[in-house]
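Notes follow the structure.
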Amino acid sequence: MSPYTSSQAQAGRGSQLFIGSSPILIGEIKSVSLNRGEWQSVETTNMESGSDAEILTTIRSNGSVAFKINRVSSDAGQVAVEAAYQSGMLTAFALQLPKTAAQSTKGDVYGFNAYVTKSNINDEVKSAIDGDLELKISGSTPLAVGS
């Protein structure tokens, strides 16, 4: 039996996070974690259920996005994130993944609206100034499959 060597996994390098309805690239992102939320459920077990519990999904709770940046005060995307944080306004975002081997134009894209709820700057003597930011998603996070 020969070893399995055909993984279709992707490296994260090349992913991009955009802000705004006229998308602006948020520069120098070091990592992104997209939590798309989870479905809430209620137990509906009744006398006719037999020996297994039954559930019913109700609504999906909104997810969140956490990302880390190298702070660049002149970056247009980082400036737009700061403006969204200061205003407390719901803002459009898109996370575009790198192209897969089967895609020639663009990679998959998750689009969503969110509030910038956290914006922390980390300044240490032995490190580059960076930031930790969080978004709270309002609504769904649909996937647009790349081409």
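Naming scheme: A, B, ... for chains in displayed order of the structure tokens; residues 1 onward per chain; ligands 1 onward as shown.
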| Filtered DSSP result for segment 36-119 of chain A, state strand (DSSP E), as a VMD selection string | chain A and resid 38 to 43 55 to 61 64 to 70 91 to 96 109 to 119
| Long-range neighbours of Ser21 of chain A as a VMD selection string, 9 Å cut-off, only C-alpha atoms, 5 positions minimum in chain | chain A and resid 91 to 93
Each residue of segment 106-135 of chain A lying at most 12 Å from segment 26-34 of chain A should get a row with its shortest atom-to-atom pair and the distance in Å to one decimal, counting only C-alpha atoms; could you produce that, ordered by chain and increasing number, as a tab-separated table?
```
residue	atom	partner	partner_atom	distance
A:Val109	CA	A:Leu34	CA	11.8
A:Tyr110	CA	A:Leu34	CA	9.2
A:Gly111	CA	A:Leu34	CA	11.0
A:Phe112	CA	A:Leu34	CA	10.6
A:Ala114	CA	A:Leu34	CA	11.8
A:Ala128	CA	A:Glu28	CA	11.9
A:Ile129	CA	A:Glu28	CA	11.7
A:Asp130	CA	A:Lys30	CA	9.3
A:Gly131	CA	A:Ile29	CA	9.4
A:Asp132	CA	A:Ser31	CA	9.7
A:Leu133	CA	A:Val32	CA	9.6
A:Glu134	CA	A:Ser33	CA	9.5
A:Leu135	CA	A:Leu34	CA	9.4
```
| task | Please identify which residues in segment 16-102 of chain A DSSP calls alpha helix (DSSP H) from the backbone, and express them as a ChimeraX atom specification. | result | /A:76-87
Write the residues of the selection above to a file with C-alpha atoms, as a PDB file, in the first residue's frame.
```pdb
ATOM      1  CA  ALA A  76      -5.658  52.947   3.927  1.00  0.00           C
ATOM      2  CA  GLY A  77      -7.319  49.728   5.126  1.00  0.00           C
ATOM      3  CA  GLN A  78      -6.074  50.144   8.690  1.00  0.00           C
ATOM      4  CA  VAL A  79      -7.247  53.773   8.628  1.00  0.00           C
ATOM      5  CA  ALA A  80     -10.712  52.572   7.508  1.00  0.00           C
ATOM      6  CA  VAL A  81     -10.797  49.962  10.307  1.00  0.00           C
ATOM      7  CA  GLU A  82      -9.952  52.689  12.846  1.00  0.00           C
ATOM      8  CA  ALA A  83     -12.743  54.895  11.440  1.00  0.00           C
ATOM      9  CA  ALA A  84     -15.213  51.983  11.722  1.00  0.00           C
ATOM     10  CA  TYR A  85     -14.073  51.371  15.307  1.00  0.00           C
ATOM     11  CA  GLN A  86     -14.488  55.040  16.240  1.00  0.00           C
ATOM     12  CA  SER A  87     -17.914  55.362  14.598  1.00  0.00           C
TER      13      SER A  87
END
```
| field | Length of the atom CA of Ser7 of chain A to atom CA of Asn35 of chain A vector [Å] | value |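 Taking atom CA of Ser7 of chain A and atom CA of Asn35 of chain A, their separation equals 23.8 Å.
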| said: For a test of reading the model, state the distance in Å between atom CA of Trp39 of chain A and atom CA of Gly139 of chain A, rounded to one decimal. | reply: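 Atom CA of Gly139 of chain A lies at a distance of 12.7 Å from atom CA of Trp39 of chain A.
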| request: Counting only C-alpha atoms, figure out which residue out of A:Ser147, A:Ser15, A:Asn120, A:Gln8 gets nearest to Arg71 of chain A. | output: A:Asn120
